[in-house]
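The block underneath contains the structure these notes are about, expressed in structure tokens.
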Amino acid sequence: MKRISTKITAFIVIAILICACNAVKRVPDGKLLLTKNEITVNNKVIKEENVFNQLYQKPNTTLLGYRLRLNLYNLANLNPDSTYQAKFTNNPEKYRRMSNWLSAKQVDRLGQSFWYHGIHDFLKRTGEPPVVLDKEKANKSLLRLKYYYFNNGYFNVNATYAVDTVAIKKAKIKYNITPGNAFYLDSINASISTPVLDSLYQVNKSNSFIKSGIQYQTVDFENEKNRISTNFRNNGAYYFQPNYVTFNIDTIKKVNKADITLMINNYSYQDGDSTKTEPFKLYKISDVNIYTDYSPSSNAITIRDSTTFKNFNLFSQKKLKYKPKAITDAIFISKGGYYADFKTVLTTRYLNNLKIFNYPSIQYEVDKRDTTAHSLIAKVYLTPRKKYSFGTTFDLTHSNIQDFGVGLSISETIRNVFNGAETLELAARGNIGASKDLANPKNNFFNVSEYGLDLKLNIPRIFMPFNTDRIIPKSMIPSTLFTIGFAKQQNIGLDKENFTGGLSYNWTPKINHSARFDLFNTQFVRNLNPRNYFNVYGSSYNALNQISKIYNTNPSYVDNAIDKNLRIDQGTVGFTKDVLTGSGIFSQPISTTDFESVKSIEERRLRLTENDFILATSFTFSKTTKKDLKDNTFYLFKTKIESAGTILSTFAKTTNQKKNASGNYEIFNLPYSEYIKAEVDYIKHWDLSKENIIAFRSFFGIAIPFGNSNYIPFSRSYFSGGSNDNRAWQPYRLGPGSSGGLDDFNEANMKIALSSEFRFKIAGSLKGAVFADAGNIWNVLDNVADDKSTFTSFSDLKEIALGSGFGLRYDFTFFVIRFDLGFKTYNPANETNRRWFREYNFSNSVLNFGINYPF
């Protein structure tokens with residue numbers, strides 16, 4: 001089988017190489033394959049992407065200089081049906097024999113099979129037909145190049161092109177541009193017919209995109225049109241549009257300069273068969289009418305219930321189901337205020353964010369009661385969603401713990417639960433998964449299971465006993481979220497019960513900014529099977545077992561007299577106690593190194609099997625410049641600071657609570673965690689054009705225990721490695737420091753991570769990437785004393801590990817499936833002179849599977 005696959009692979013490679021020698025295979029006679037566009041400006045070759053984007057025709061795409069898609073297309077049979085039929089046209093007896101063996105219908109269907117038809121469809125779809133040089137498109141490209149330079153201030157541009165044959169049926173086009181001298185703006189004047197608009201313009205004139213002394217740019221004039229229109233429409237000019245703004249550009253008797261006159265005429269409108277003009281009016285809002293149960297399918301609105309609240313009129317075709325304040329808090333259009341576009345947009349965003357209505361409709365009409373015709377009535381039409389909705393989701397998951405998981409969740413959402421636009425969600429979830437990293441004595445494929453219940457209550461305002469509008473105004477779309485959750489993990493090592501609860505406030509200070517304040521976030525982790533510790537953490541057991549074989553003399557601690565392996569849990573507990581208390585009888589005195597190793601193993605066991613209670617307060621802020629899913633030039637900045645246990649310690653001290661035997665305060669007979677934690681995450685993407693993207697990520701996090709704790713709970717610590725981290729190491733296998741990942745789940749309380757990726761298009765939706773990941777974790781200011789695991793000075797930065805590799809991704813538009821192969825480039829766990837490239841091979845590589853991009 002291996003020989004057959006090798007031959008097939010060799011055949012495909014040879015076929016592609018043969019086609020590479022015949023790239024013009026499908027170029028018609030008398031035509032030329034376009035191999036290159038060359039643009040010179042003032043006889044100097046340029047590479048500017050914006051200039052090349054003006055061309056109508058571009059050569060076939062390449063991968064590292066190789067026309068892969070063109071050659072795939074050349075491999076395809078463009079008429080597989082005709083080819084298949086020709087087999088039998090020339091040999092009717094062959095068709096008769098095959099029909100007797102299969103049937104005529106099956107023989108005909110065979111022509112539509114993958115090998116005869118499908119493979120060629122795939123090659124045509126994935127490949128790319130040859131780009132045949134088209135002089136008509138070249139002329140259009142030349143015209144666009146002229147426009148491009150004209151729009152950038154070069155009014156006397158000259159452009160020509162020439163076709164240069166470079167080989168048989170191959171040619172390139174040379175575009176030669178002589179732009180001449182650029183024009184600059186000189187005097188700027190304004191002629192605005194409507195006085196009130198002239199006053200508004202003068203107030204914000206300093207923000208103009210058009211200023212004396214700058215080079216002419218058409219885009220500046222478009223931006224100025226939009227700026228003026230936005231300014232006017234946000235100050236009452238309801239009927240104003242950008243096309244009312246025109247510019248007179250005067251270059252007469254000027255040397256490379258232009259005088260600009262901005263002109264805005266009066267409002268023109270159609271009155272019967274005639275066109276009339278009049279000065280623009282600034283409109284005020286005379287009424288705000290809110291229709292709370294509008295149905296788009298109904299032409300007539302019959303009002304049966306209504307109320308007025310703070311100058312808002314609320315109407316309902318049935319009984320009004322909402323507290324007026326819950327609706328009016330989302331309305332930024334105010335009676336007596338000027339019409340403003342931004343208020344309409346903000347109102348729409350807020351109402352949509354409530355998630356109890358479909359997308360709202362806001363309309364304006366002139367108030368006929370106003371004889372001066374300077375008033376508008378704002379009408380807000382709201383279509384309620386169903387009060388109850390039931391949902392189910394089925395997930396296939398991959399995480400740092402589970403190699404494969406299957407999850408099912410069901411949820412019930414209740415909208416407007418307390419008539420204040422609140423949303424209550426009840427959810428139940430279950431998951432089974434497979435993990436090769438966990439204990440699995442029965443060798444079951446699904447060795448991980450979890451189920452849980454969650455309750456979430458979202459209130460569309462800050463829920464506080466006092467008014468917070470001055471701190472967080474409603475324009476920031478604030479909300480309050482109450483959460484309660486329970487989850488139980490089984491067959492996942494120690495088996496855990498996890499109780500959570502939280503109260504958080506969310507708001508958006510600006511567009512693309514978000515802030516979250518968790519007043520409290522509570523977590524109680526209860527280990528159900530702590531006696532299973534050494535079955536889960538095999539490396540700890542092996543280390544303890546090796547020491548036991550040297551010193552142990554108690555036969556009840558081991559499984560037999562030959563292997564002398566410690567029993568779990570009787571032997572591990574007994575031997576550890578004998579060593580640490582010095583009460584056992586040993587075959588020889590225990591060395592200091594082995595004593596410290598046993599002590600370290602026991603401290604880690606206690607830390608990971610103890611139940612945890614965490615009461616934390618945190619603040620998270622994020623900012624991004626990403627505009628939409630297609631934006632590939634942006635950055636994302638996120639930071640978080642968290643404090644846990646401080647409130648409990650303050651209460652314990654002020655009320656003179658007693659400490660336990662270990663010197664710690666307790667709550668519910670359980671020592672609680674106390675620490676301070678800070679994180680900074682920064683992601684930056686650069687679009688290099690043609691779907692070539694550079695992505696970069698940096699992360700730093702540190703959690704420092706103090707007061708009631710001398711270590712960080714496992715659920716709040718850091719790990720390194722995995723498909724979204726350093727991809728040359730498995731999850732939890734890197735670090736801490738240069739210790740070499742001795743434990744099964746290596747974690748610490750400080751982390752540095754740096755990643756960079758070059759992403760490129762291979763063919764169609766298939767993308768490729770080369771990457772480099774650097775980082776590590778360390779222990780700092782906690783109870784870990786191992787020098788190799790702790791960060792003591794900046795010299796420890798030499799322990800930052802480096803992984804590099806390449807990956808393949810397939811883009812399904814809504815999500816991306818990703819495979820990355822990482823190689824250990826610099827491994828700080830090795831000896832100093834053996835850290836670089838000693839494990840740079842396939843046997844030590846790590847294949848990662850992921851959903852979507854890592855950052």
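Scheme for the structure tokens: letters A, B, ... for chains in order shown; per-chain residue numbers from 1; ligand numbers from 1 in order shown.
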
So that I can check the surroundings of A:Ile683, please list as a PDB file with N, CA, C and O atoms, in the first residue's frame every protein, DNA and RNA residue that reaches within 12 Å of it, counting only C-alpha atoms and ignoring chain neighbours fewer than 6 positions away.
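Result saved to part.pdb:
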ATOM      1  N   SER A 622     -10.951  46.626  26.353  1.00  0.00           N
ATOM      2  CA  SER A 622     -10.415  46.243  25.045  1.00  0.00           C
ATOM      3  C   SER A 622     -10.724  47.322  24.023  1.00  0.00           C
ATOM      4  O   SER A 622     -11.721  48.037  24.125  1.00  0.00           O
ATOM      5  N   LYS A 623      -9.849  47.409  23.050  1.00  0.00           N
ATOM      6  CA  LYS A 623      -9.987  48.388  21.960  1.00  0.00           C
ATOM      7  C   LYS A 623      -9.506  47.744  20.677  1.00  0.00           C
ATOM      8  O   LYS A 623      -8.482  47.061  20.661  1.00  0.00           O
ATOM      9  N   THR A 624     -10.243  47.952  19.603  1.00  0.00           N
ATOM     10  CA  THR A 624      -9.838  47.416  18.313  1.00  0.00           C
ATOM     11  C   THR A 624     -10.120  48.424  17.209  1.00  0.00           C
ATOM     12  O   THR A 624     -11.035  49.249  17.335  1.00  0.00           O
ATOM     13  N   THR A 625      -9.344  48.348  16.160  1.00  0.00           N
ATOM     14  CA  THR A 625      -9.580  49.189  14.987  1.00  0.00           C
ATOM     15  C   THR A 625     -10.200  48.380  13.853  1.00  0.00           C
ATOM     16  O   THR A 625     -10.372  48.897  12.755  1.00  0.00           O
ATOM     17  N   LYS A 626     -10.555  47.119  14.132  1.00  0.00           N
ATOM     18  CA  LYS A 626     -11.124  46.266  13.101  1.00  0.00           C
ATOM     19  C   LYS A 626     -12.536  46.725  12.762  1.00  0.00           C
ATOM     20  O   LYS A 626     -13.387  46.883  13.647  1.00  0.00           O
ATOM     21  N   ASN A 632      -8.248  43.358   7.242  1.00  0.00           N
ATOM     22  CA  ASN A 632      -7.022  42.623   7.577  1.00  0.00           C
ATOM     23  C   ASN A 632      -5.879  43.536   7.991  1.00  0.00           C
ATOM     24  O   ASN A 632      -4.737  43.089   8.089  1.00  0.00           O
ATOM     25  N   THR A 633      -6.178  44.815   8.215  1.00  0.00           N
ATOM     26  CA  THR A 633      -5.181  45.733   8.758  1.00  0.00           C
ATOM     27  C   THR A 633      -5.786  46.391   9.989  1.00  0.00           C
ATOM     28  O   THR A 633      -6.600  47.306   9.880  1.00  0.00           O
ATOM     29  N   PHE A 634      -5.436  45.880  11.153  1.00  0.00           N
ATOM     30  CA  PHE A 634      -6.047  46.371  12.388  1.00  0.00           C
ATOM     31  C   PHE A 634      -5.185  45.964  13.580  1.00  0.00           C
ATOM     32  O   PHE A 634      -4.227  45.200  13.441  1.00  0.00           O
ATOM     33  N   TYR A 635      -5.552  46.491  14.732  1.00  0.00           N
ATOM     34  CA  TYR A 635      -4.936  46.012  15.969  1.00  0.00           C
ATOM     35  C   TYR A 635      -6.009  45.811  17.025  1.00  0.00           C
ATOM     36  O   TYR A 635      -7.099  46.395  16.967  1.00  0.00           O
ATOM     37  N   LEU A 636      -5.717  44.955  17.983  1.00  0.00           N
ATOM     38  CA  LEU A 636      -6.598  44.687  19.120  1.00  0.00           C
ATOM     39  C   LEU A 636      -5.772  44.760  20.386  1.00  0.00           C
ATOM     40  O   LEU A 636      -4.748  44.083  20.510  1.00  0.00           O
ATOM     41  N   PHE A 637      -6.215  45.607  21.297  1.00  0.00           N
ATOM     42  CA  PHE A 637      -5.534  45.739  22.583  1.00  0.00           C
ATOM     43  C   PHE A 637      -6.514  45.361  23.688  1.00  0.00           C
ATOM     44  O   PHE A 637      -7.656  45.819  23.699  1.00  0.00           O
ATOM     45  N   LYS A 638      -6.066  44.511  24.593  1.00  0.00           N
ATOM     46  CA  LYS A 638      -6.922  44.067  25.688  1.00  0.00           C
ATOM     47  C   LYS A 638      -6.106  43.974  26.967  1.00  0.00           C
ATOM     48  O   LYS A 638      -4.985  43.453  26.957  1.00  0.00           O
ATOM     49  N   THR A 639      -6.651  44.487  28.029  1.00  0.00           N
ATOM     50  CA  THR A 639      -5.968  44.405  29.323  1.00  0.00           C
ATOM     51  C   THR A 639      -6.971  44.054  30.410  1.00  0.00           C
ATOM     52  O   THR A 639      -8.164  44.390  30.299  1.00  0.00           O
ATOM     53  N   ILE A 694       0.476  39.562   7.434  1.00  0.00           N
ATOM     54  CA  ILE A 694       1.368  39.321   8.567  1.00  0.00           C
ATOM     55  C   ILE A 694       0.565  39.562   9.836  1.00  0.00           C
ATOM     56  O   ILE A 694      -0.078  40.606   9.992  1.00  0.00           O
ATOM     57  N   ALA A 695       0.578  38.593  10.737  1.00  0.00           N
ATOM     58  CA  ALA A 695      -0.142  38.701  12.008  1.00  0.00           C
ATOM     59  C   ALA A 695       0.851  38.558  13.153  1.00  0.00           C
ATOM     60  O   ALA A 695       1.761  37.724  13.103  1.00  0.00           O
ATOM     61  N   PHE A 696       0.654  39.368  14.181  1.00  0.00           N
ATOM     62  CA  PHE A 696       1.568  39.378  15.334  1.00  0.00           C
ATOM     63  C   PHE A 696       0.748  39.438  16.616  1.00  0.00           C
ATOM     64  O   PHE A 696      -0.289  40.107  16.684  1.00  0.00           O
ATOM     65  N   ARG A 697       1.217  38.724  17.625  1.00  0.00           N
ATOM     66  CA  ARG A 697       0.555  38.758  18.927  1.00  0.00           C
ATOM     67  C   ARG A 697       1.594  38.779  20.038  1.00  0.00           C
ATOM     68  O   ARG A 697       2.621  38.094  19.962  1.00  0.00           O
ATOM     69  N   SER A 698       1.321  39.575  21.066  1.00  0.00           N
ATOM     70  CA  SER A 698       2.159  39.578  22.260  1.00  0.00           C
ATOM     71  C   SER A 698       1.255  39.508  23.490  1.00  0.00           C
ATOM     72  O   SER A 698       0.187  40.115  23.512  1.00  0.00           O
ATOM     73  N   PHE A 699       1.690  38.750  24.479  1.00  0.00           N
ATOM     74  CA  PHE A 699       0.901  38.572  25.706  1.00  0.00           C
ATOM     75  C   PHE A 699       1.833  38.546  26.904  1.00  0.00           C
ATOM     76  O   PHE A 699       2.898  37.933  26.869  1.00  0.00           O
ATOM     77  N   ALA A 753       4.333  35.491  25.993  1.00  0.00           N
ATOM     78  CA  ALA A 753       4.075  34.801  24.726  1.00  0.00           C
ATOM     79  C   ALA A 753       4.163  35.796  23.579  1.00  0.00           C
ATOM     80  O   ALA A 753       3.596  36.889  23.648  1.00  0.00           O
ATOM     81  N   LEU A 754       4.895  35.412  22.543  1.00  0.00           N
ATOM     82  CA  LEU A 754       5.037  36.218  21.330  1.00  0.00           C
ATOM     83  C   LEU A 754       4.840  35.294  20.132  1.00  0.00           C
ATOM     84  O   LEU A 754       5.425  34.204  20.093  1.00  0.00           O
ATOM     85  N   SER A 755       4.027  35.731  19.175  1.00  0.00           N
ATOM     86  CA  SER A 755       3.791  34.907  17.992  1.00  0.00           C
ATOM     87  C   SER A 755       3.716  35.793  16.762  1.00  0.00           C
ATOM     88  O   SER A 755       3.200  36.915  16.824  1.00  0.00           O
ATOM     89  N   SER A 756       4.207  35.273  15.655  1.00  0.00           N
ATOM     90  CA  SER A 756       4.069  35.977  14.384  1.00  0.00           C
ATOM     91  C   SER A 756       3.788  34.954  13.301  1.00  0.00           C
ATOM     92  O   SER A 756       4.224  33.792  13.389  1.00  0.00           O
ATOM     93  N   GLU A 757       3.041  35.391  12.294  1.00  0.00           N
ATOM     94  CA  GLU A 757       2.606  34.490  11.243  1.00  0.00           C
ATOM     95  C   GLU A 757       2.564  35.226   9.915  1.00  0.00           C
ATOM     96  O   GLU A 757       2.122  36.372   9.853  1.00  0.00           O
ATOM     97  N   PRO A 854      -5.244  31.284  15.119  1.00  0.00           N
ATOM     98  CA  PRO A 854      -4.808  31.309  16.527  1.00  0.00           C
ATOM     99  C   PRO A 854      -4.872  32.693  17.151  1.00  0.00           C
ATOM    100  O   PRO A 854      -4.960  32.831  18.355  1.00  0.00           O
ATOM    101  N   PHE A 855      -4.799  33.740  16.327  1.00  0.00           N
ATOM    102  CA  PHE A 855      -4.889  35.111  16.837  1.00  0.00           C
ATOM    103  C   PHE A 855      -5.150  36.053  15.675  1.00  0.00           C
ATOM    104  O   PHE A 855      -5.013  35.668  14.507  1.00  0.00           O
TER     105      PHE A 855
END

_Exercise: A:Ser591 partners within 12 Å, only C-alpha atoms, chain neighbours under 3 positions left out, as a PyMOL selection string_ = chain A and resi 547+550-551+579+586-588+594-598

File dump, residues just selected, N, CA and C atoms, as a compact mmCIF listing (two decimals), in the first residue's frame:
# COMPACT_ATOMS: atom_id res chain seq x y z
N ILE A 547 12.13 7.20 43.98
CA ILE A 547 12.76 7.49 45.28
C ILE A 547 12.41 6.39 46.28
N ILE A 550 14.51 3.24 46.39
CA ILE A 550 15.84 3.38 47.01
C ILE A 550 15.76 3.26 48.52
N TYR A 551 14.69 3.82 49.13
CA TYR A 551 14.66 3.96 50.59
C TYR A 551 13.60 3.12 51.30
N VAL A 579 8.62 10.03 55.06
CA VAL A 579 9.78 10.84 54.67
C VAL A 579 9.72 12.22 55.30
N PHE A 586 14.11 3.40 57.00
CA PHE A 586 14.56 3.42 55.61
C PHE A 586 15.81 2.57 55.45
N SER A 587 16.06 2.14 54.20
CA SER A 587 17.21 1.28 53.92
C SER A 587 18.51 2.05 54.04
N GLN A 588 18.46 3.36 53.90
CA GLN A 588 19.64 4.23 54.04
C GLN A 588 19.15 5.64 54.30
N ASP A 594 16.68 14.22 47.59
CA ASP A 594 15.49 13.37 47.52
C ASP A 594 14.42 13.85 48.50
N PHE A 595 14.86 14.30 49.67
CA PHE A 595 13.88 14.84 50.63
C PHE A 595 13.15 16.05 50.04
N GLU A 596 13.91 16.96 49.40
CA GLU A 596 13.28 18.13 48.79
C GLU A 596 12.37 17.73 47.64
N SER A 597 12.73 16.69 46.91
CA SER A 597 11.87 16.22 45.81
C SER A 597 10.55 15.70 46.33
N VAL A 598 10.61 14.88 47.40
CA VAL A 598 9.37 14.36 47.99
C VAL A 598 8.52 15.50 48.53

*asked:* When you look at stretch 651-656 of chain A with a cut-off of 9 Å (counting only C-alpha atoms), what residues show up, excluding the ones that are within fewer than 4 positions of it in the same chain? I need them as a ChimeraX atom specification.
replied: /A:646-647,665-666

*Can you list, as a PyMOL selection string, every residue of stretch 305-448 of chain A that DSSP puts in strand (DSSP E or B)?*
chain A and resi 305-309+312-316+338+357+361-366+375-381+384+388-397+404-415+423-434+448

*In stretch 399-592 of chain A, what's alpha helix (DSSP H) per DSSP? Answer as a PyMOL selection string?*
chain A and resi 533-536+538-551+570-581+592

Write the residues of the preceding selection, restricted to N, CA and C atoms, as an mmCIF file, in the first residue's frame.
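The resulting file, out16.cif, is reproduced below:
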data_model
loop_
_atom_site.group_PDB
_atom_site.id
_atom_site.type_symbol
_atom_site.label_atom_id
_atom_site.label_comp_id
_atom_site.auth_asym_id
_atom_site.auth_seq_id
_atom_site.Cartn_x
_atom_site.Cartn_y
_atom_site.Cartn_z
ATOM 1 N N TYR A 533 -5.153 11.119 42.476
ATOM 2 C CA TYR A 533 -4.150 12.080 42.013
ATOM 3 C C TYR A 533 -2.998 11.411 41.270
ATOM 4 N N PHE A 534 -2.394 10.385 41.855
ATOM 5 C CA PHE A 534 -1.205 9.789 41.249
ATOM 6 C C PHE A 534 -1.536 8.934 40.026
ATOM 7 N N ASN A 535 -2.826 8.593 39.822
ATOM 8 C CA ASN A 535 -3.214 7.950 38.567
ATOM 9 C C ASN A 535 -3.264 8.972 37.432
ATOM 10 N N VAL A 536 -3.580 10.220 37.786
ATOM 11 C CA VAL A 536 -3.688 11.281 36.788
ATOM 12 C C VAL A 536 -2.323 11.879 36.488
ATOM 13 N N GLY A 538 0.933 11.108 36.334
ATOM 14 C CA GLY A 538 1.859 9.980 36.281
ATOM 15 C C GLY A 538 3.301 10.361 36.498
ATOM 16 N N SER A 539 3.724 11.556 36.051
ATOM 17 C CA SER A 539 5.118 11.948 36.223
ATOM 18 C C SER A 539 5.444 12.131 37.696
ATOM 19 N N SER A 540 4.503 12.675 38.477
ATOM 20 C CA SER A 540 4.728 12.821 39.919
ATOM 21 C C SER A 540 4.832 11.458 40.583
ATOM 22 N N TYR A 541 3.962 10.534 40.133
ATOM 23 C CA TYR A 541 4.019 9.179 40.709
ATOM 24 C C TYR A 541 5.350 8.512 40.373
ATOM 25 N N ASN A 542 5.789 8.627 39.122
ATOM 26 C CA ASN A 542 7.047 7.978 38.730
ATOM 27 C C ASN A 542 8.230 8.518 39.515
ATOM 28 N N ALA A 543 8.245 9.841 39.733
ATOM 29 C CA ALA A 543 9.350 10.436 40.499
ATOM 30 C C ALA A 543 9.338 9.934 41.941
ATOM 31 N N LEU A 544 8.136 9.899 42.542
ATOM 32 C CA LEU A 544 8.035 9.426 43.927
ATOM 33 C C LEU A 544 8.360 7.940 44.012
ATOM 34 N N ASN A 545 7.929 7.178 43.029
ATOM 35 C CA ASN A 545 8.143 5.735 43.032
ATOM 36 C C ASN A 545 9.624 5.387 42.929
ATOM 37 N N GLN A 546 10.365 6.142 42.096
ATOM 38 C CA GLN A 546 11.794 5.882 41.971
ATOM 39 C C GLN A 546 12.533 6.133 43.278
ATOM 40 N N ILE A 547 12.128 7.195 43.982
ATOM 41 C CA ILE A 547 12.759 7.485 45.282
ATOM 42 C C ILE A 547 12.407 6.389 46.282
ATOM 43 N N SER A 548 11.153 5.931 46.237
ATOM 44 C CA SER A 548 10.709 4.880 47.168
ATOM 45 C C SER A 548 11.530 3.605 47.002
ATOM 46 N N LYS A 549 11.857 3.241 45.754
ATOM 47 C CA LYS A 549 12.612 2.002 45.522
ATOM 48 C C LYS A 549 14.003 2.052 46.146
ATOM 49 N N ILE A 550 14.512 3.239 46.391
ATOM 50 C CA ILE A 550 15.841 3.381 47.006
ATOM 51 C C ILE A 550 15.760 3.256 48.518
ATOM 52 N N TYR A 551 14.690 3.823 49.134
ATOM 53 C CA TYR A 551 14.664 3.957 50.587
ATOM 54 C C TYR A 551 13.597 3.122 51.297
ATOM 55 N N GLN A 570 -2.563 4.069 49.287
ATOM 56 C CA GLN A 570 -1.994 3.718 50.579
ATOM 57 C C GLN A 570 -0.480 3.892 50.610
ATOM 58 N N GLY A 571 0.194 3.382 49.588
ATOM 59 C CA GLY A 571 1.645 3.440 49.587
ATOM 60 C C GLY A 571 2.191 4.842 49.380
ATOM 61 N N THR A 572 1.601 5.605 48.457
ATOM 62 C CA THR A 572 2.093 6.961 48.181
ATOM 63 C C THR A 572 1.924 7.856 49.402
ATOM 64 N N VAL A 573 0.762 7.740 50.067
ATOM 65 C CA VAL A 573 0.510 8.572 51.248
ATOM 66 C C VAL A 573 1.427 8.157 52.393
ATOM 67 N N GLY A 574 1.542 6.834 52.619
ATOM 68 C CA GLY A 574 2.350 6.343 53.732
ATOM 69 C C GLY A 574 3.818 6.691 53.584
ATOM 70 N N PHE A 575 4.387 6.451 52.378
ATOM 71 C CA PHE A 575 5.808 6.730 52.169
ATOM 72 C C PHE A 575 6.089 8.232 52.273
ATOM 73 N N THR A 576 5.235 9.049 51.694
ATOM 74 C CA THR A 576 5.432 10.506 51.763
ATOM 75 C C THR A 576 5.403 10.987 53.203
ATOM 76 N N LYS A 577 4.468 10.480 53.986
ATOM 77 C CA LYS A 577 4.367 10.878 55.394
ATOM 78 C C LYS A 577 5.608 10.447 56.179
ATOM 79 N N ASP A 578 6.078 9.235 55.922
ATOM 80 C CA ASP A 578 7.275 8.740 56.628
ATOM 81 C C ASP A 578 8.486 9.617 56.336
ATOM 82 N N VAL A 579 8.621 10.025 55.055
ATOM 83 C CA VAL A 579 9.778 10.840 54.672
ATOM 84 C C VAL A 579 9.721 12.220 55.300
ATOM 85 N N LEU A 580 8.568 12.878 55.213
ATOM 86 C CA LEU A 580 8.460 14.266 55.656
ATOM 87 C C LEU A 580 8.447 14.395 57.177
ATOM 88 N N THR A 581 7.945 13.351 57.860
ATOM 89 C CA THR A 581 7.919 13.410 59.333
ATOM 90 C C THR A 581 9.142 12.743 59.948
ATOM 91 N N THR A 592 19.431 14.958 50.997
ATOM 92 C CA THR A 592 18.730 16.250 51.007
ATOM 93 C C THR A 592 17.974 16.482 49.701
#

Tell me, counting only C-alpha atoms, for each residue of stretch 248-282 of chain A within 9 Å of stretch 171-191 of chain A, which pair of atoms is nearest and how far apart they are in Å to one decimal, in rows ordered by chain and increasing number, as JSON lines.
{"residue": "A:Thr251", "atom": "CA", "partner": "A:Phe183", "partner_atom": "CA", "distance": 8.9}
{"residue": "A:Val255", "atom": "CA", "partner": "A:Phe183", "partner_atom": "CA", "distance": 8.1}
{"residue": "A:Asn256", "atom": "CA", "partner": "A:Phe183", "partner_atom": "CA", "distance": 4.4}
{"residue": "A:Lys257", "atom": "CA", "partner": "A:Tyr184", "partner_atom": "CA", "distance": 4.8}
{"residue": "A:Ala258", "atom": "CA", "partner": "A:Leu185", "partner_atom": "CA", "distance": 5.0}
{"residue": "A:Asp259", "atom": "CA", "partner": "A:Ser187", "partner_atom": "CA", "distance": 4.9}
{"residue": "A:Ile260", "atom": "CA", "partner": "A:Ile188", "partner_atom": "CA", "distance": 4.9}
{"residue": "A:Thr261", "atom": "CA", "partner": "A:Asn189", "partner_atom": "CA", "distance": 4.7}
{"residue": "A:Leu262", "atom": "CA", "partner": "A:Ala190", "partner_atom": "CA", "distance": 4.5}
{"residue": "A:Met263", "atom": "CA", "partner": "A:Ser191", "partner_atom": "CA", "distance": 4.8}
{"residue": "A:Ile264", "atom": "CA", "partner": "A:Ser191", "partner_atom": "CA", "distance": 6.4}
{"residue": "A:Asn265", "atom": "CA", "partner": "A:Ser191", "partner_atom": "CA", "distance": 8.2}

*asked:* If we count only C-alpha atoms and set the cut-off at 12 Å, which residues sit around A:Lys25, ignoring sequence neighbours fewer than 5 positions away in its own chain? Please answer as a list in words.
replied: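 The residues that qualify are Ile18, Cys19, Ala20, Lys31, Leu32, Leu33, Leu70, Asn71, Leu72, Tyr73, Asn74, Leu75, Ala76, Asn77, Pro129, Pro130, Val132, Ile168, Lys169 and Lys170 of chain A.
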
*stretch 46-49 of chain A environment, 12 Å, only C-alpha atoms, sequence neighbours closer than 3 positions dropped, as a VMD selection string*: chain A and resid 37 to 43 52 to 55 174 to 177 687 to 690

_Interatomic distance (Å, one decimal) between atom CA of A:Trp729 and atom CA of A:Lys824_ =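 Answer for the atom CA of A:Trp729 to atom CA of A:Lys824 separation: 7.4 Å.
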
Using only C-alpha atoms, what does the table of stretch 653-679 of chain A residues within 12 Å of stretch 775-784 of chain A look like, with each row giving the shortest atom pair and its distance in Å to one decimal, sorted by chain and ascending number, as a Markdown table?
| residue | atom | partner | partner_atom | distance |
| --- | --- | --- | --- | --- |
| A:Glu674 | CA | A:Asp782 | CA | 11.9 |
| A:Tyr675 | CA | A:Asp782 | CA | 10.4 |
| A:Ile676 | CA | A:Leu781 | CA | 11.6 |

*Could you tell me which of A:Asn50, A:Thr35, A:Asn554, A:Ser709 comes closest to A:Tyr66 if we count only C-alpha atoms?*
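When distances to A:Tyr66 are compared using only C-alpha atoms, the smallest one comes from A:Thr35.
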
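Atom CA of A:Lys310 is positioned 17.9 Å from atom CA of A:Leu351.
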
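The space between atom CA of A:Thr620 and atom CA of A:Asp681 spans 11.2 Å.
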